[in-house]
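Here the structure is laid out as structure tokens; the discussion comes afterwards.
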Amino acid sequence: MKSIPDALIEDTVVELLRFAVTRLPADVERALERIYGEETEAASKMQMKAILENLELAKKTGTPLCQDTGIHVFFVRLGPKSGDLEAIIRKAVERGTKEIPLRPNAVHPLTRKNPGNNLGIHMPYIYFEPGTEDYLEITVMPKGAGSENMSQMAMLTPSSGEKGVKEFALSTLLRAGGNPCPPVLIGMGIGGSADICMGLAKKALLRPLGSHNPDPAVASLEKTLFEALNGIGIGPMGLGGKNTLLGFHIEHAFCHTASHPVAINIQCWAARRATARIHPDGKVEYLTHKKEGE
Amino acid sequence: MTERHLDLPASESDVRGLRAGDIVYLTGTLYTARDEAHMRALEWIKEGKAIPVDFGRGALYHCGPIMKKEGEGWKIVAAGPTTSSRMNGLEAEFIEKTGARLVIGKGGMNKAVGEAMRKFGAAYLAFTGGAAVLAAQRVRKVAGVHWLDLGMPEAVWVLEAEDFGPLTVGMDAEGKSLFEEVAKRIDKNAAEAKKRLGI
């Protein structure tokens, strides 16, 4: 099988980073516009207006819409033979940091030293998933700290059941308040083990707004939680308002009969993600963004 | 709710005249400082060492901007606010020791900071989180940078701003906090949400 050239992958990853930080996917932009229309109080209306104006400015100027361009989490679905993907992605992150530019956010967890290039041990972090398709699929999620810092996980007891999950959702949202830049997207993981559960919560953030978990029991819980919590009153930027959520997504995994893990990963209103498929013939398809002229 | 345009440095009476809910635009010098710069400033002051800027001469901005080196100077790319609550444990002392009167950030701060604001005549101004290009457009010039060894986000950047805003007075010098008022409404709504969820 023909392999995809390293340089094409590297250039595509830089482009993905640029798309992700300068323009939001259409589903997110539509949700923010809808919320602007629904808000009636002066304070929340002003916050949503600033958010929309800022999106336009970022698009027009090609600059990052938020100064917190995050740390970089990649999801790679392996397809055809390709080179050392970790090395290529690291090179692209270093290039993107200079060229776009991105803020150098990655520091050593104890010394807090900042190398200035967004690279360090296990950073960027890459989730590899084996695939059988004849293309390579790469997704980047630049994750800011404001929302990430409000994430929580709990190892509940099986007897606490669905009620325990609901209580956990409410307390996590209340504790977060205006800190994670609402309206937020909640990613929830239920089941698995501690590590799998938080990973699922993060993965739930990649789903387009308006999508549902294919399992009807889980989809029904998504709907119940969204409807009960969206009107909690935290509102845009925590200054009060009708809408606090962009969405409530749940991903689940089977778990040990003695476990009941639940995790929440929060995503700010700047729900940034960008995905591309690279084909062996050199064709690159962007799934979340349109290239100029397309 | 009134709209005000303030020139920096703001006097104590200017700041004491602000009311929670007012909309403010600032013209003058903004100094960025996040976790690391707060810690270093307090450490230096404790050791009797002079810190490089006078936070009382402008506004303290919880912000870690994206900057681009251009020749000898810097160009501002994006500069929205960071989460202020991370500095909750440092800000009361910071206000007391540095004389900062205006604190710009997002998400609000705790009661201890509110108490320091009441005592020393300071206020908290909220800017829309993530609105980084909007913020950068109101900065005329990057006048300098200190403590760059802390890294780009944690350094103290000196920004010359013009009509920086709209900022919402989130906490005023009388001890009133919009965030606390919202919290009261949220408490009521949470009881309703619990009923709906059957918990």
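Lettering and numbering for the structure tokens are positional, with chains as A, B, ... in the shown order, residues counted from 1 in each chain, and ligands counted from 1 in the shown order.
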Contact check, chain A to chain B, at most 8 Å, counting only C-alpha atoms, closest pairs as a tab-separated table:
residue	atom	partner	partner_atom	distance
A:Gln47	CA	B:Thr128	CA	5.9
A:Ala50	CA	B:Ala131	CA	6.6
A:Ile51	CA	B:Ala131	CA	5.9
A:Glu53	CA	B:Leu134	CA	7.5
A:Asn54	CA	B:Ala131	CA	5.4
A:Leu55	CA	B:Ala131	CA	8.0
A:Leu57	CA	B:Val133	CA	6.5
A:Ala58	CA	B:Val133	CA	6.1
A:Thr63	CA	B:Val77	CA	6.9
A:Pro64	CA	B:Ala78	CA	6.6
A:Leu65	CA	B:Ala132	CA	5.9
A:Cys66	CA	B:Gly130	CA	4.6
A:Gln67	CA	B:Ala78	CA	4.8
A:Asp68	CA	B:Gly130	CA	7.7
A:Pro101	CA	B:Lys68	CA	7.5
A:Leu102	CA	B:Ile66	CA	6.9
A:Arg103	CA	B:Ile66	CA	5.2
A:Pro104	CA	B:Met152	CA	6.9
A:Asn105	CA	B:Pro153	CA	7.2
A:Lys113	CA	B:Leu150	CA	7.4
A:Asn114	CA	B:Gly151	CA	5.7
A:Gly116	CA	B:Gly151	CA	7.0
A:Gly146	CA	B:Thr83	CA	6.0
A:Lys163	CA	B:Ile199	CA	6.2
A:Lys166	CA	B:Leu197	CA	7.0
A:Glu167	CA	B:Ile199	CA	6.7
A:Leu170	CA	B:Ala190	CA	7.9
A:Gly177	CA	B:Gly107	CA	7.9
A:Gly178	CA	B:Gly107	CA	4.9
A:Asn179	CA	B:Gly107	CA	4.8
A:Pro180	CA	B:Thr83	CA	7.8
A:Cys181	CA	B:Gly129	CA	5.9
A:Thr224	CA	B:Leu197	CA	7.4
A:Leu225	CA	B:Leu197	CA	7.6
A:Ala228	CA	B:Ala193	CA	5.2
A:Leu229	CA	B:Ala193	CA	6.5
A:Gly231	CA	B:Asn189	CA	7.6
A:Ile232	CA	B:Asn189	CA	5.3
A:Gly233	CA	B:Ile186	CA	5.3
A:Ile234	CA	B:Ile186	CA	6.5
A:Met237	CA	B:Gly107	CA	6.5
A:Gly238	CA	B:Gly107	CA	6.3
A:Leu239	CA	B:Phe179	CA	6.4
A:Gly240	CA	B:Val182	CA	5.6
A:Ala270	CA	B:Gly130	CA	7.2
Self-check item: All residues 6 Å or closer to Val169 (chain B), only C-alpha atoms, same chain fewer than 4 positions away omitted, as a PyMOL selection string
Solution: chain B and resi 20-22+124-125
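Closest approach to Gly144 (chain B) among B:Arg40, B:His5, B:His62, B:Lys69: B:Lys69, based on only C-alpha atoms.
Running DSSP on the backbone and keeping only strand (DSSP E), the residues of region 99-148 of chain B that qualify are Leu102, Val103, Ile104, Gly105, Ala123, Tyr124, Leu125, Ala126, Val139, Arg140, Lys141, Val142, Ala143, Gly144, Val145 and His146 of chain B.
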Skip Leu205 (chain A) itself and residues of its chain fewer than 6 positions away, then list as a PDB file with N, CA and C atoms, in the first residue's frame all residues within 8 Å of it, counting only C-alpha atoms.
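Heads up, here's the output in part_20.pdb:
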ATOM      1  N   LEU A 185     -20.345  23.338  26.850  1.00  0.00           N
ATOM      2  CA  LEU A 185     -20.737  22.001  26.421  1.00  0.00           C
ATOM      3  C   LEU A 185     -20.241  21.058  27.512  1.00  0.00           C
ATOM      4  N   ILE A 186     -21.143  20.213  28.024  1.00  0.00           N
ATOM      5  CA  ILE A 186     -20.733  19.247  29.037  1.00  0.00           C
ATOM      6  C   ILE A 186     -20.471  17.910  28.353  1.00  0.00           C
ATOM      7  N   GLY A 187     -19.293  17.371  28.577  1.00  0.00           N
ATOM      8  CA  GLY A 187     -18.964  16.028  28.120  1.00  0.00           C
ATOM      9  C   GLY A 187     -18.956  15.132  29.336  1.00  0.00           C
ATOM     10  N   HIS A 249     -23.510  16.040  26.347  1.00  0.00           N
ATOM     11  CA  HIS A 249     -23.186  14.804  25.630  1.00  0.00           C
ATOM     12  C   HIS A 249     -22.656  13.743  26.587  1.00  0.00           C
ATOM     13  N   ASN A 265     -16.078  16.456  31.706  1.00  0.00           N
ATOM     14  CA  ASN A 265     -15.074  17.319  31.109  1.00  0.00           C
ATOM     15  C   ASN A 265     -15.863  18.482  30.509  1.00  0.00           C
ATOM     16  N   GLN A 267     -16.332  22.021  28.317  1.00  0.00           N
ATOM     17  CA  GLN A 267     -15.830  22.755  27.157  1.00  0.00           C
ATOM     18  C   GLN A 267     -16.455  24.142  27.152  1.00  0.00           C
TER      19      GLN A 267
END
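Between CA of Glu251 (chain A) and CA of Ile196 (chain A) lies a distance of 10.4 Å.
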Exercise. Extract the full set of helix (DSSP H, G or I) residues from region 111-194 of chain A according to DSSP on the backbone, and format it as a ChimeraX atom specification.
Key: /A:145-148,158-176,194
Output N, CA and C atoms of each residue in that selection to a file, as a PDB file, in the first residue's frame.
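This is the output file result09.pdb:
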ATOM      1  N   ALA A 145      -7.640  26.075  29.523  1.00  0.00           N
ATOM      2  CA  ALA A 145      -7.588  25.658  30.921  1.00  0.00           C
ATOM      3  C   ALA A 145      -8.818  26.089  31.722  1.00  0.00           C
ATOM      4  N   GLY A 146      -9.435  27.207  31.339  1.00  0.00           N
ATOM      5  CA  GLY A 146     -10.568  27.722  32.102  1.00  0.00           C
ATOM      6  C   GLY A 146     -11.649  26.678  32.263  1.00  0.00           C
ATOM      7  N   SER A 147     -11.974  25.988  31.186  1.00  0.00           N
ATOM      8  CA  SER A 147     -13.008  24.961  31.256  1.00  0.00           C
ATOM      9  C   SER A 147     -12.439  23.629  31.763  1.00  0.00           C
ATOM     10  N   GLU A 148     -11.235  23.289  31.315  1.00  0.00           N
ATOM     11  CA  GLU A 148     -10.631  22.015  31.732  1.00  0.00           C
ATOM     12  C   GLU A 148     -10.484  21.961  33.255  1.00  0.00           C
ATOM     13  N   PRO A 158     -22.441   1.510  42.869  1.00  0.00           N
ATOM     14  CA  PRO A 158     -23.510   1.080  41.950  1.00  0.00           C
ATOM     15  C   PRO A 158     -24.902   1.372  42.501  1.00  0.00           C
ATOM     16  N   SER A 159     -25.063   1.335  43.828  1.00  0.00           N
ATOM     17  CA  SER A 159     -26.397   1.556  44.393  1.00  0.00           C
ATOM     18  C   SER A 159     -26.878   2.999  44.200  1.00  0.00           C
ATOM     19  N   SER A 160     -25.959   3.950  43.931  1.00  0.00           N
ATOM     20  CA  SER A 160     -26.403   5.336  43.732  1.00  0.00           C
ATOM     21  C   SER A 160     -27.061   5.527  42.370  1.00  0.00           C
ATOM     22  N   GLY A 161     -26.809   4.585  41.450  1.00  0.00           N
ATOM     23  CA  GLY A 161     -27.534   4.529  40.170  1.00  0.00           C
ATOM     24  C   GLY A 161     -27.557   5.804  39.353  1.00  0.00           C
ATOM     25  N   GLU A 162     -28.665   5.990  38.611  1.00  0.00           N
ATOM     26  CA  GLU A 162     -28.796   7.146  37.738  1.00  0.00           C
ATOM     27  C   GLU A 162     -28.947   8.421  38.568  1.00  0.00           C
ATOM     28  N   LYS A 163     -29.509   8.271  39.747  1.00  0.00           N
ATOM     29  CA  LYS A 163     -29.678   9.405  40.648  1.00  0.00           C
ATOM     30  C   LYS A 163     -28.309   9.989  41.008  1.00  0.00           C
ATOM     31  N   GLY A 164     -27.347   9.110  41.259  1.00  0.00           N
ATOM     32  CA  GLY A 164     -25.990   9.551  41.599  1.00  0.00           C
ATOM     33  C   GLY A 164     -25.364  10.347  40.463  1.00  0.00           C
ATOM     34  N   VAL A 165     -25.637   9.901  39.241  1.00  0.00           N
ATOM     35  CA  VAL A 165     -25.103  10.591  38.068  1.00  0.00           C
ATOM     36  C   VAL A 165     -25.702  11.996  37.970  1.00  0.00           C
ATOM     37  N   LYS A 166     -26.995  12.090  38.222  1.00  0.00           N
ATOM     38  CA  LYS A 166     -27.680  13.389  38.135  1.00  0.00           C
ATOM     39  C   LYS A 166     -27.171  14.349  39.208  1.00  0.00           C
ATOM     40  N   GLU A 167     -27.001  13.830  40.419  1.00  0.00           N
ATOM     41  CA  GLU A 167     -26.488  14.676  41.511  1.00  0.00           C
ATOM     42  C   GLU A 167     -25.088  15.184  41.191  1.00  0.00           C
ATOM     43  N   PHE A 168     -24.271  14.279  40.630  1.00  0.00           N
ATOM     44  CA  PHE A 168     -22.895  14.637  40.262  1.00  0.00           C
ATOM     45  C   PHE A 168     -22.897  15.732  39.185  1.00  0.00           C
ATOM     46  N   ALA A 169     -23.811  15.602  38.214  1.00  0.00           N
ATOM     47  CA  ALA A 169     -23.888  16.591  37.126  1.00  0.00           C
ATOM     48  C   ALA A 169     -24.244  17.965  37.681  1.00  0.00           C
ATOM     49  N   LEU A 170     -25.253  17.998  38.549  1.00  0.00           N
ATOM     50  CA  LEU A 170     -25.693  19.272  39.110  1.00  0.00           C
ATOM     51  C   LEU A 170     -24.590  19.910  39.965  1.00  0.00           C
ATOM     52  N   SER A 171     -23.960  19.118  40.837  1.00  0.00           N
ATOM     53  CA  SER A 171     -22.954  19.710  41.734  1.00  0.00           C
ATOM     54  C   SER A 171     -21.727  20.173  40.948  1.00  0.00           C
ATOM     55  N   THR A 172     -21.367  19.459  39.898  1.00  0.00           N
ATOM     56  CA  THR A 172     -20.206  19.866  39.098  1.00  0.00           C
ATOM     57  C   THR A 172     -20.484  21.196  38.382  1.00  0.00           C
ATOM     58  N   LEU A 173     -21.691  21.315  37.843  1.00  0.00           N
ATOM     59  CA  LEU A 173     -22.053  22.540  37.131  1.00  0.00           C
ATOM     60  C   LEU A 173     -22.122  23.732  38.091  1.00  0.00           C
ATOM     61  N   LEU A 174     -22.685  23.514  39.276  1.00  0.00           N
ATOM     62  CA  LEU A 174     -22.795  24.604  40.257  1.00  0.00           C
ATOM     63  C   LEU A 174     -21.419  25.042  40.741  1.00  0.00           C
ATOM     64  N   ARG A 175     -20.549  24.075  40.949  1.00  0.00           N
ATOM     65  CA  ARG A 175     -19.196  24.382  41.420  1.00  0.00           C
ATOM     66  C   ARG A 175     -18.438  25.178  40.352  1.00  0.00           C
ATOM     67  N   ALA A 176     -18.683  24.859  39.074  1.00  0.00           N
ATOM     68  CA  ALA A 176     -17.979  25.528  37.969  1.00  0.00           C
ATOM     69  C   ALA A 176     -18.456  26.977  37.817  1.00  0.00           C
ATOM     70  N   ALA A 194     -11.575   4.402  35.879  1.00  0.00           N
ATOM     71  CA  ALA A 194     -11.377   5.838  36.108  1.00  0.00           C
ATOM     72  C   ALA A 194     -10.803   6.529  34.868  1.00  0.00           C
TER      73      ALA A 194
END
Quiz item: Quick one: residues within 12 Å of Ala116 (chain B), only C-alpha atoms counted, chain neighbours fewer than 5 positions away excluded, as a ChimeraX atom specification?
Solution: /B:88-97,99-103,109-111,121-124,171-175
Exercise. Compile the contact shell of Glu33 (chain A) as a ChimeraX atom specification: residues with an atom at most 9 Å away, counting only C-alpha atoms, same-chain residues fewer than 3 positions apart removed.
Key: /A:28-30,36-38,48-49,52
Pull N, CA and C atoms from the residues just selected and write them as a short mmCIF file (atom, residue, chain, number, x, y, z; two decimals), in the first residue's frame.
data_model
loop_
_atom_site.label_atom_id
_atom_site.label_comp_id
_atom_site.auth_asym_id
_atom_site.auth_seq_id
_atom_site.Cartn_x
_atom_site.Cartn_y
_atom_site.Cartn_z
N VAL A 28 -21.39 24.95 16.21
CA VAL A 28 -21.16 25.73 17.42
C VAL A 28 -21.56 27.19 17.17
N GLU A 29 -21.18 27.70 16.00
CA GLU A 29 -21.52 29.08 15.68
C GLU A 29 -23.04 29.28 15.65
N ARG A 30 -23.73 28.31 15.06
CA ARG A 30 -25.21 28.40 15.00
C ARG A 30 -25.81 28.41 16.40
N TYR A 36 -27.80 33.96 21.50
CA TYR A 36 -27.84 35.43 21.47
C TYR A 36 -29.29 35.90 21.26
N GLY A 37 -29.97 35.24 20.33
CA GLY A 37 -31.36 35.59 20.02
C GLY A 37 -32.29 35.34 21.19
N GLU A 38 -32.00 34.31 21.97
CA GLU A 38 -32.90 33.93 23.07
C GLU A 38 -32.70 34.75 24.35
N MET A 48 -23.12 37.79 24.89
CA MET A 48 -23.27 37.03 23.65
C MET A 48 -22.92 37.87 22.43
N LYS A 49 -23.21 39.17 22.51
CA LYS A 49 -22.88 40.06 21.40
C LYS A 49 -21.37 40.13 21.24
N LEU A 52 -20.07 36.94 19.61
CA LEU A 52 -20.31 36.87 18.16
C LEU A 52 -19.44 37.86 17.39
#
